[in-house]
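File shown: coords.txt (compact mmCIF, C-alpha atoms).
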```
# COMPACT_ATOMS: atom_id res chain seq x y z
CA MET A 5 72.14 82.01 135.20
CA SER A 6 70.46 78.65 135.50
CA GLY A 7 71.49 75.29 136.91
CA LEU A 8 71.83 71.93 135.19
CA TYR A 9 70.79 68.73 136.97
CA ILE A 10 71.77 65.32 135.53
CA HIS A 11 70.10 62.23 136.93
CA ILE A 12 72.20 59.06 137.06
CA PRO A 13 69.78 56.30 138.17
CA PHE A 14 72.21 53.44 138.70
CA CYS A 15 72.67 51.75 142.09
CA LYS A 16 74.35 48.53 143.17
CA SER A 17 71.42 47.99 145.52
CA ARG A 18 68.43 50.07 146.61
CA CYS A 19 68.36 51.65 150.06
CA LYS A 20 65.29 50.68 152.04
CA TYR A 21 64.02 54.26 152.42
CA CYS A 22 64.56 55.54 148.87
CA ASP A 23 61.74 56.34 146.44
CA PHE A 24 63.84 58.19 143.83
CA PHE A 25 63.93 56.58 140.40
CA SER A 26 66.82 54.12 140.30
CA THR A 27 67.83 50.84 138.71
CA THR A 28 70.49 48.18 139.28
CA HIS A 29 71.11 47.70 135.52
CA ILE A 30 74.56 49.28 135.67
CA GLU A 31 75.54 47.51 132.44
CA LYS A 32 73.42 50.07 130.55
CA GLN A 33 75.46 53.08 131.69
CA GLU A 34 77.15 53.79 128.34
CA GLU A 35 73.86 53.59 126.45
CA TYR A 36 72.25 55.82 129.07
CA ILE A 37 74.98 58.47 128.92
CA ASP A 38 74.56 58.61 125.15
CA ALA A 39 70.81 59.17 125.68
CA VAL A 40 71.42 61.98 128.19
CA LEU A 41 73.74 63.71 125.74
CA GLN A 42 71.17 63.32 122.99
CA GLU A 43 68.62 65.00 125.28
CA TRP A 44 71.10 67.81 125.96
CA GLU A 45 71.53 68.40 122.22
CA GLN A 46 67.76 68.48 121.77
CA ARG A 47 67.07 70.87 124.65
CA LYS A 48 69.98 73.26 125.11
CA GLU A 49 69.27 75.89 122.45
CA GLN A 50 65.57 76.14 123.28
CA TRP A 51 66.41 76.24 126.99
CA PHE A 52 68.79 79.17 126.63
CA LYS A 53 66.25 80.96 124.42
CA ASP A 54 63.22 80.39 126.69
CA THR A 55 64.95 81.33 129.94
CA ASN A 56 66.99 84.15 128.42
CA LYS A 57 69.97 82.52 130.11
CA LYS A 58 73.03 82.24 127.90
CA ASN A 59 74.89 79.84 130.16
CA ILE A 60 74.79 77.77 133.31
CA ARG A 61 76.15 78.50 136.76
CA THR A 62 76.00 75.07 138.39
CA ILE A 63 76.00 71.40 137.41
CA TYR A 64 74.69 68.79 139.83
CA ILE A 65 75.10 65.09 139.03
CA GLY A 66 72.67 63.22 141.28
CA GLY A 67 71.03 59.86 141.53
CA GLY A 68 70.92 57.03 142.08
CA THR A 69 74.65 56.66 142.67
CA PRO A 70 76.65 58.74 140.16
CA SER A 71 79.91 57.63 141.77
CA LEU A 72 79.28 54.21 140.19
CA LEU A 73 79.91 55.63 136.72
CA SER A 74 83.15 54.63 135.05
CA ILE A 75 85.61 57.48 134.59
CA ASP A 76 85.22 57.13 130.80
CA SER A 77 81.42 57.54 131.03
CA LEU A 78 81.69 60.49 133.41
CA GLN A 79 84.33 62.14 131.23
CA LYS A 80 82.20 61.75 128.10
CA LEU A 81 79.19 63.23 129.90
CA LEU A 82 80.94 66.22 131.43
CA TRP A 83 83.31 67.15 128.66
CA THR A 84 80.59 67.00 125.99
CA ILE A 85 78.40 69.37 128.00
CA LEU A 86 81.26 71.66 129.01
CA SER A 87 82.40 71.95 125.39
CA SER A 88 79.10 73.63 124.47
CA VAL A 89 78.91 76.23 127.25
CA ASP A 90 81.10 79.00 128.60
CA ARG A 91 83.08 77.26 131.34
CA SER A 92 83.99 80.58 132.93
CA THR A 93 80.41 80.99 134.18
CA ILE A 94 80.33 77.61 135.97
CA GLU A 95 81.01 78.04 139.66
CA GLU A 96 80.11 74.62 141.03
CA ILE A 97 80.08 71.04 139.72
CA THR A 98 78.76 68.60 142.31
CA LEU A 99 78.87 64.81 142.22
CA GLU A 100 76.80 62.70 144.60
CA ALA A 101 78.89 59.82 145.90
CA ASN A 102 78.61 56.71 148.05
CA PRO A 103 81.46 56.24 150.54
CA GLY A 104 81.91 52.67 149.30
CA ASP A 105 83.02 53.94 145.88
CA PHE A 106 85.96 56.06 147.02
CA THR A 107 89.49 55.25 145.90
CA ILE A 108 92.41 57.63 145.53
CA GLU A 109 92.51 57.03 141.77
CA LYS A 110 88.78 57.65 141.32
CA VAL A 111 88.67 60.87 143.35
CA ARG A 112 91.78 62.15 141.58
CA ALA A 113 90.04 61.52 138.24
CA TRP A 114 86.86 63.27 139.42
CA HIS A 115 88.89 66.33 140.34
CA HIS A 116 90.69 66.27 136.99
CA LEU A 117 87.32 66.24 135.20
CA GLY A 118 86.37 69.51 136.88
CA ILE A 119 84.25 68.24 139.78
CA ASN A 120 84.87 70.71 142.61
CA ARG A 121 82.21 69.64 145.11
CA LEU A 122 81.20 66.25 146.51
CA SER A 123 77.94 65.35 148.23
CA ILE A 124 78.67 62.19 150.20
CA GLY A 125 75.72 60.05 151.32
CA ILE A 126 76.94 58.98 154.74
CA GLN A 127 73.51 58.96 156.51
CA SER A 128 74.98 57.54 159.74
CA PHE A 129 78.25 56.49 161.35
CA ASN A 130 76.47 53.67 163.16
CA ASN A 131 76.98 50.31 161.43
CA ARG A 132 73.83 48.80 162.95
CA LEU A 133 71.67 51.60 161.57
CA LEU A 134 73.44 51.59 158.19
CA GLN A 135 72.63 47.90 157.83
CA LEU A 136 69.04 48.46 158.93
CA ILE A 137 68.37 51.05 156.20
CA GLY A 138 70.22 49.13 153.51
CA ARG A 139 73.34 51.23 152.98
CA ARG A 140 76.27 49.36 151.40
CA HIS A 141 79.08 51.20 153.18
CA ASP A 142 80.22 51.18 156.80
CA ALA A 143 81.30 53.87 159.24
CA THR A 144 85.00 53.42 158.51
CA GLN A 145 84.46 53.89 154.77
CA ALA A 146 82.44 57.03 155.49
CA GLN A 147 85.30 58.65 157.36
CA GLN A 148 87.87 57.44 154.83
CA ALA A 149 85.88 58.94 151.96
CA VAL A 150 86.17 62.42 153.43
CA ALA A 151 89.90 61.93 154.08
CA ILE A 152 90.53 60.77 150.49
CA ALA A 153 88.60 63.72 149.05
CA HIS A 154 90.64 66.16 151.14
CA ALA A 155 93.91 64.48 150.18
CA GLU A 156 93.05 64.79 146.48
CA GLY A 157 92.19 68.46 146.69
CA ILE A 158 88.39 68.42 146.82
CA THR A 159 87.66 70.35 150.00
CA ASN A 160 84.16 71.58 149.18
CA ILE A 161 82.38 68.59 150.70
CA SER A 162 78.84 68.05 151.87
CA ILE A 163 77.75 65.03 153.89
CA ASP A 164 74.21 63.72 154.34
CA LEU A 165 72.98 62.55 157.72
CA MET A 166 69.60 61.03 158.60
CA TYR A 167 67.76 61.03 161.91
CA ALA A 168 64.53 59.54 163.26
CA LEU A 169 65.64 56.16 161.93
CA PRO A 170 63.80 53.15 163.39
CA THR A 171 65.33 52.11 166.75
CA GLN A 172 67.76 55.06 166.66
CA THR A 173 68.41 56.47 170.11
CA MET A 174 69.22 60.02 171.09
CA ASN A 175 72.68 58.91 172.23
CA GLU A 176 73.34 57.37 168.80
CA TRP A 177 72.27 60.62 167.14
CA ARG A 178 74.56 62.64 169.41
CA ALA A 179 77.44 60.34 168.45
CA ASP A 180 76.71 60.87 164.73
CA ILE A 181 76.74 64.65 165.17
CA ASP A 182 79.98 64.49 167.16
CA LEU A 183 81.70 62.48 164.41
CA ALA A 184 80.37 64.77 161.69
CA LEU A 185 81.81 67.79 163.50
CA LYS A 186 85.20 66.08 163.85
CA LEU A 187 85.33 65.61 160.06
CA ASP A 188 85.13 69.42 159.76
CA VAL A 189 83.37 69.39 156.39
CA PRO A 190 82.02 72.76 155.17
CA HIS A 191 78.47 71.56 154.51
CA ILE A 192 76.03 69.20 156.22
CA SER A 193 72.56 68.23 154.99
CA SER A 194 70.37 66.39 157.46
CA TYR A 195 66.91 64.93 156.97
CA GLY A 196 64.41 63.16 159.16
CA LEU A 197 63.37 59.79 157.77
CA ILE A 198 60.15 59.80 155.76
CA TYR A 199 58.42 56.47 155.19
CA GLU A 200 57.67 56.84 151.48
CA ASP A 201 54.94 54.64 150.03
CA GLY A 202 56.23 51.52 148.31
CA THR A 203 59.64 51.46 149.99
CA PRO A 204 60.86 48.44 151.99
CA LEU A 205 60.89 50.47 155.22
CA SER A 206 57.24 51.49 154.72
CA PHE A 207 56.28 47.83 154.27
CA MET A 208 58.25 46.87 157.38
CA LEU A 209 56.39 49.59 159.31
CA GLU A 210 52.99 48.39 158.06
CA GLU A 211 53.85 44.80 158.99
CA GLY A 212 54.89 45.81 162.51
CA LYS A 213 58.50 44.73 162.02
CA ILE A 214 59.75 48.20 162.98
CA ASP A 215 58.35 51.20 164.82
CA CYS A 216 58.78 54.81 163.81
CA ILE A 217 60.40 57.25 166.21
CA ASP A 218 57.98 59.27 168.32
CA GLU A 219 57.38 62.74 166.83
CA ASP A 220 58.50 64.50 170.01
CA GLU A 221 61.75 62.51 169.92
CA GLU A 222 62.25 63.46 166.29
CA ILE A 223 61.88 67.15 167.15
CA LEU A 224 64.42 66.74 169.97
CA MET A 225 66.83 65.23 167.44
CA TYR A 226 66.27 68.14 165.07
CA ASP A 227 66.72 70.70 167.86
CA TYR A 228 69.99 69.02 168.89
CA LEU A 229 71.20 69.08 165.28
CA VAL A 230 70.48 72.81 164.93
CA GLU A 231 71.98 73.65 168.32
CA GLN A 232 75.24 71.77 167.80
CA LEU A 233 75.89 72.81 164.21
CA THR A 234 75.13 76.51 164.73
CA LYS A 235 77.23 76.48 167.92
CA ASN A 236 80.12 75.10 165.87
CA GLY A 237 80.06 77.77 163.18
CA TYR A 238 77.58 76.46 160.63
CA GLU A 239 74.97 78.80 159.18
CA HIS A 240 71.49 77.24 159.26
CA TYR A 241 70.62 78.58 155.81
CA GLU A 242 67.81 76.16 154.92
CA VAL A 243 65.59 73.97 157.06
CA SER A 244 67.76 70.87 156.47
CA ASN A 245 71.05 72.45 155.37
CA PHE A 246 74.01 73.94 157.23
CA ALA A 247 77.16 75.52 155.80
CA ARG A 248 80.31 77.38 156.70
CA VAL A 249 80.22 81.01 155.57
CA GLY A 250 80.15 81.27 151.78
CA LEU A 251 79.91 77.52 151.19
CA GLN A 252 76.17 77.03 150.80
CA SER A 253 75.14 74.76 147.94
CA LYS A 254 74.81 77.10 144.97
CA HIS A 255 72.88 74.54 142.94
CA ASN A 256 70.35 73.52 145.57
CA SER A 257 69.82 77.15 146.50
CA SER A 258 68.44 77.69 142.99
CA TYR A 259 65.53 75.39 143.87
CA TRP A 260 64.60 77.59 146.83
CA ASN A 261 65.09 81.01 145.24
CA ASP A 262 63.02 80.49 142.07
CA THR A 263 65.98 80.17 139.68
CA PRO A 264 65.32 78.13 136.49
CA TYR A 265 67.00 74.75 136.17
CA LEU A 266 67.19 72.15 133.42
CA GLY A 267 67.05 68.44 134.28
CA LEU A 268 68.49 65.75 132.03
CA GLY A 269 67.91 62.01 132.35
CA ALA A 270 65.19 59.57 133.26
CA GLY A 271 62.88 61.03 135.90
CA ALA A 272 64.67 64.41 135.88
CA HIS A 273 62.64 67.59 136.52
CA SER A 274 63.05 71.03 134.91
CA TYR A 275 61.65 74.49 135.65
CA ASP A 276 61.84 77.61 133.48
CA GLY A 277 60.12 80.12 135.76
CA ASP A 278 56.62 79.54 134.39
CA ALA A 279 56.32 75.78 133.87
CA ARG A 280 57.87 72.55 135.07
CA TRP A 281 58.26 69.26 133.24
CA TRP A 282 59.69 65.84 134.01
CA ASN A 283 60.94 62.86 132.04
CA ILE A 284 59.59 59.33 132.15
CA ASN A 285 60.67 57.08 135.07
CA ASP A 286 61.68 54.18 132.84
CA LEU A 287 65.26 53.50 131.82
CA ASN A 288 64.59 51.66 128.56
CA GLN A 289 61.80 53.99 127.43
CA TYR A 290 63.90 57.06 128.20
CA ILE A 291 66.85 55.70 126.18
CA LEU A 292 64.54 54.85 123.26
CA GLN A 293 62.78 58.23 123.30
CA ALA A 294 66.05 60.17 123.50
CA LYS A 295 67.52 58.15 120.65
CA ASN A 296 64.44 58.73 118.48
CA HIS A 297 64.12 62.42 119.41
CA SER A 298 60.67 61.66 120.80
CA LEU A 299 60.99 62.68 124.45
CA GLN A 300 57.54 63.68 125.69
CA PRO A 301 57.88 64.98 129.25
CA ASN A 302 54.89 65.53 131.49
CA LYS A 303 54.36 69.27 131.85
CA GLU A 304 52.42 71.72 133.98
CA THR A 305 52.22 75.50 133.60
CA LEU A 306 51.88 77.31 136.90
CA THR A 307 49.27 79.98 137.48
CA LYS A 308 50.24 83.27 139.10
CA GLU A 309 48.70 82.07 142.39
CA GLU A 310 50.50 78.72 142.24
CA ARG A 311 53.80 80.52 141.74
CA ARG A 312 53.09 82.79 144.71
CA LEU A 313 52.30 79.83 146.96
CA GLU A 314 55.42 77.98 145.84
CA GLN A 315 57.58 81.04 146.46
CA ILE A 316 56.18 81.17 150.00
CA MET A 317 56.63 77.44 150.60
CA LEU A 318 60.20 77.39 149.26
CA GLY A 319 61.23 80.75 150.70
CA LEU A 320 60.13 79.83 154.21
CA ARG A 321 62.55 76.89 154.04
CA THR A 322 65.45 79.38 154.01
CA ASN A 323 66.90 81.89 156.43
CA LYS A 324 66.12 84.66 153.92
CA GLY A 325 62.39 83.95 154.10
CA VAL A 326 59.92 85.62 151.75
CA ALA A 327 58.89 89.18 150.98
CA ILE A 328 56.05 90.33 153.23
CA GLN A 329 53.96 91.43 150.23
CA LEU A 330 53.65 87.79 149.11
CA ILE A 331 51.83 86.85 152.33
CA ASN A 332 48.42 87.64 153.76
CA ARG A 333 49.53 89.75 156.74
CA SER A 334 46.54 88.83 158.94
CA LYS A 335 47.35 85.13 158.52
CA ALA A 336 51.06 85.76 159.11
CA ASN A 337 50.25 87.60 162.36
CA ILE A 338 48.89 84.37 163.86
CA TYR A 339 52.30 82.74 163.51
CA LEU A 340 54.25 85.87 164.39
CA LYS A 341 52.44 86.01 167.74
CA ARG A 342 53.18 82.32 168.39
CA GLY A 343 56.88 82.82 167.69
CA LEU A 344 56.87 80.52 164.67
CA LEU A 345 57.62 83.34 162.23
CA GLN A 346 59.59 86.56 162.62
CA LEU A 347 59.72 89.82 160.68
CA LYS A 348 63.15 91.03 159.56
CA GLY A 349 63.00 94.18 157.49
CA GLN A 350 60.54 93.45 154.69
CA ASN A 351 60.85 89.67 154.94
CA ILE A 352 58.97 87.00 156.90
CA ILE A 353 61.29 84.25 158.17
CA ALA A 354 60.65 81.02 160.05
CA THR A 355 62.12 80.79 163.54
CA THR A 356 64.02 77.74 164.77
CA LYS A 357 60.87 76.87 166.72
CA GLY A 358 58.81 77.35 163.56
CA TYR A 359 60.87 75.15 161.24
CA PRO A 360 59.41 71.81 162.41
```
Show me this structure written as structure tokens.
Amino acid sequence: MSGLYIHIPFCKSRCKYCDFFSTTHIEKQEEYIDAVLQEWEQRKEQWFKDTNKKNIRTIYIGGGTPSLLSIDSLQKLLWTILSSVDRSTIEEITLEANPGDFTIEKVRAWHHLGINRLSIGIQSFNNRLLQLIGRRHDATQAQQAVAIAHAEGITNISIDLMYALPTQTMNEWRADIDLALKLDVPHISSYGLIYEDGTPLSFMLEEGKIDCIDEDEEILMYDYLVEQLTKNGYEHYEVSNFARVGLQSKHNSSYWNDTPYLGLGAGAHSYDGDARWWNINDLNQYILQAKNHSLQPNKETLTKEERRLEQIMLGLRTNKGVAIQLINRSKANIYLKRGLLQLKGQNIIATTKGYP
């Protein structure tokens, strides 16, 4: 079965590191939700036919900041989609959320709508660093968000943490890991900061207002992350993702194991096993095109060699690795001898040393 991704581009303010498509025009949310549902009506039958998938296994509502949506908008979105599929096949419905949006009433409503997993963008428990990267929540709200989710019955929680932030010290990173472990959430995603072109942080770096963390220091931070999380019972199942047994992200795993997924919304990407396509990164144009049934996504069809290379690139991100027959063995031997790859059965897998 395939996965469904829904992009909600609205944010109260843009984080200084983010290059995902987003907008602060929250007043357009109702019009946008109508457009997404129009796209769903236009695509669903052909999608099920082309992929030979009769239903969906996972729904992931990402952004942007989906937790900004009103309950009415979120209910309209979810219930319209769920009414046209077999709900019994859906194992996971994830909502990305900002800690600043959590209230008891809101989380209770999310749960009632069928959301059974939350991905909370904490990034850091250090208020100085949160302010530096433009997050609109603080450390107290981050911890409260997890507590509210638990109290309202949503226990399948993932938190995001970032490292290699400008001016971040190793002691600050250790403190973030310690706090994350105390929250005892079943899933942690952690990413080193990338200075994406066109973002405020990249401009600040170019202007000499900040310095990036030394690469050796970044690797030390990554090594500490892996060491502490695996020591505390988390499976390191993907280069940046850690989970308690059985609680890996089902939706995100589809990206790494070559499972088709359909993306709805402005800037959303889709993949059917042979081709990928993506919608326009423009809120008003997307709404207009969806309304007029004139969506014209950019599309590329992958060659057999491109698919092989992508399977290698994505598979090596995971602890399952890739089948040995996909790889040139003489090239793989170079990295096997250096301890960057390992052979387990018929699969080649990256080592902890090889991940960076």
For the contact check between stretch 125-225 of chain A and stretch 246-251 of chain A, emit one row per residue of stretch 125-225 of chain A within 10 Å, containing the shortest atom pair and the distance in Å rounded to one decimal, counting all atoms listed in the file, chain then rising number order, as a tab-separated table.
```
residue	atom	partner	partner_atom	distance
A:Asn160	CA	A:Leu251	CA	7.6
A:Ile161	CA	A:Leu251	CA	9.3
A:Ser162	CA	A:Ala247	CA	8.6
A:Asp188	CA	A:Arg248	CA	9.8
A:Val189	CA	A:Arg248	CA	8.6
A:Pro190	CA	A:Arg248	CA	5.2
A:His191	CA	A:Ala247	CA	4.4
A:Ile192	CA	A:Phe246	CA	5.3
A:Ser193	CA	A:Phe246	CA	6.3
A:Ser194	CA	A:Phe246	CA	8.4
```
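Computed from the coordinates, the atom CA of A:His273 to atom CA of A:Gly104 distance equals 27.5 Å.
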Polymer residues at most 10 Å from stretch 47-50 of chain A, only C-alpha atoms, same-chain spacing of 6 or more positions, as a ChimeraX atom specification
/A:41,56,58-59,85,88-89,266-268
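With only C-alpha atoms as the atoms that count, the residue of A:Arg112, A:Arg139, A:Lys186, A:Lys295 with the shortest distance to A:Gln46 is A:Lys295.
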Atom CA of A:Ser123 and atom CA of A:Arg178, how far apart in Å?
21.6 Å
Spatial neighbours of A:Thr171, 9 Å, only C-alpha atoms, chain gap at least 5 places, as a list of chain:residue names:
A:Leu133, A:Ile214, A:Asp215, A:Cys216, A:Ile217
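Across the model, the gap from atom CA of A:Asp278 to atom CA of A:Trp44 is 20.5 Å.
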Pick out the residues sitting within 9 Å of A:Asn285, and hand them over as JSON, numbers by chain; count all atoms listed in the file, and ignore anything fewer than 2 positions along from it in its own chain.
{"A": [25, 26, 270, 271, 272, 282, 283, 287, 289, 290]}
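Comparing the minimum interatomic distances between A:Asp227 and each of A:Tyr359, A:Trp114, A:Trp51, A:Trp83, counting only C-alpha atoms, we find that A:Tyr359 sits nearest.
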Among the residues A:Ile60, A:Leu134, A:Ile316, A:Val230, the one that comes closest to A:Asp90 [using only C-alpha atoms]
A:Ile60
For A:Val326, which residue among A:Tyr339, A:Trp281, A:Phe129, A:Trp260 is the nearest when counting all atoms listed in the file?
A:Trp260
Write out, as a tab-separated table, each residue of stretch 86-140 of chain A that has an atom at most 10 Å from stretch 147-158 of chain A, together with the closest pair of atoms and their distance in Å to one decimal, counting all atoms listed in the file, rows going by chain and rising number.
```
residue	atom	partner	partner_atom	distance
A:Ala101	CA	A:Ala149	CA	9.3
A:Asn102	CA	A:Ala149	CA	8.6
A:Pro103	CA	A:Ala149	CA	5.4
A:Gly104	CA	A:Ala149	CA	7.9
A:Asp105	CA	A:Ala149	CA	8.4
A:Phe106	CA	A:Ala149	CA	5.7
A:Thr107	CA	A:Ile152	CA	7.3
A:Ile108	CA	A:Ile152	CA	6.2
A:Glu109	CA	A:Glu156	CA	9.1
A:Lys110	CA	A:Glu156	CA	9.8
A:Val111	CA	A:Ala153	CA	6.4
A:Arg112	CA	A:Glu156	CA	5.7
A:Ala113	CA	A:Glu156	CA	9.4
A:Trp114	CA	A:Ile158	CA	9.1
A:His115	CA	A:Ile158	CA	6.8
A:His116	CA	A:Glu156	CA	9.9
A:Ile119	CA	A:Ile158	CA	8.2
A:Asn120	CA	A:Ile158	CA	5.9
A:Arg121	CA	A:Ile158	CA	6.5
A:Leu122	CA	A:Ile158	CA	7.5
A:Ile124	CA	A:Ala149	CA	8.1
A:Ile126	CA	A:Gln147	CA	8.8
A:Phe129	CA	A:Gln147	CA	8.4
```
For the point (68.6, 48.7, 122.5) in file coordinates, what residues are within 12 Å, counting all atoms listed in the file? Give the answer as an NGL selection string?
:A and (32 or 34-36 or 38-39 or 287-296)
Export of the given selection (C-alpha atoms) as a compact mmCIF listing (two decimals), in the coordinates of the input:
```txt
# COMPACT_ATOMS: atom_id res chain seq x y z
CA LYS A 32 73.42 50.07 130.55
CA GLU A 34 77.15 53.79 128.34
CA GLU A 35 73.86 53.59 126.45
CA TYR A 36 72.25 55.82 129.07
CA ASP A 38 74.56 58.61 125.15
CA ALA A 39 70.81 59.17 125.68
CA LEU A 287 65.26 53.50 131.82
CA ASN A 288 64.59 51.66 128.56
CA GLN A 289 61.80 53.99 127.43
CA TYR A 290 63.90 57.06 128.20
CA ILE A 291 66.85 55.70 126.18
CA LEU A 292 64.54 54.85 123.26
CA GLN A 293 62.78 58.23 123.30
CA ALA A 294 66.05 60.17 123.50
CA LYS A 295 67.52 58.15 120.65
CA ASN A 296 64.44 58.73 118.48
```
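Distance annotation: of A:Pro360, A:Gly277, A:Gly269, A:Pro264, the residue with the minimal separation from A:Ile10 is A:Gly269; atom set is only C-alpha atoms.
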Size and centre in Å, one decimal, axis-aligned box, all listed stretch 308-319 of chain A atoms plus 4 Å per side, as JSON:
```
{"center_x": 55.0, "center_y": 80.3, "center_z": 144.9, "size_x": 20.5, "size_y": 13.9, "size_z": 19.6}
```
List as a list in words: which residues have an atom within 12 Å of (56.2, 85.3, 165.2), counting only C-alpha atoms?
Arg333, Lys335, Ala336, Asn337, Ile338, Tyr339, Leu340, Lys341, Arg342, Gly343, Leu344, Leu345, Gln346, Leu347, Lys348, Ile352, Ile353, Ala354, Thr355, Thr356, Lys357, Gly358 and Tyr359 of chain A
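The closest residue to A:Ile75, picked from A:Leu117, A:Leu197, A:Met208, A:Leu187 and counting all atoms listed in the file, is A:Leu117.
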Hey, what's within 12 Å of A:Ser257 if we count all atoms listed in the file and toss same-chain stuff fewer than 3 positions away? As a VMD selection string, please?
chain A and resid 6 to 7 61 to 62 64 96 241 to 247 251 to 254 260 to 265 318 to 319 321 to 324
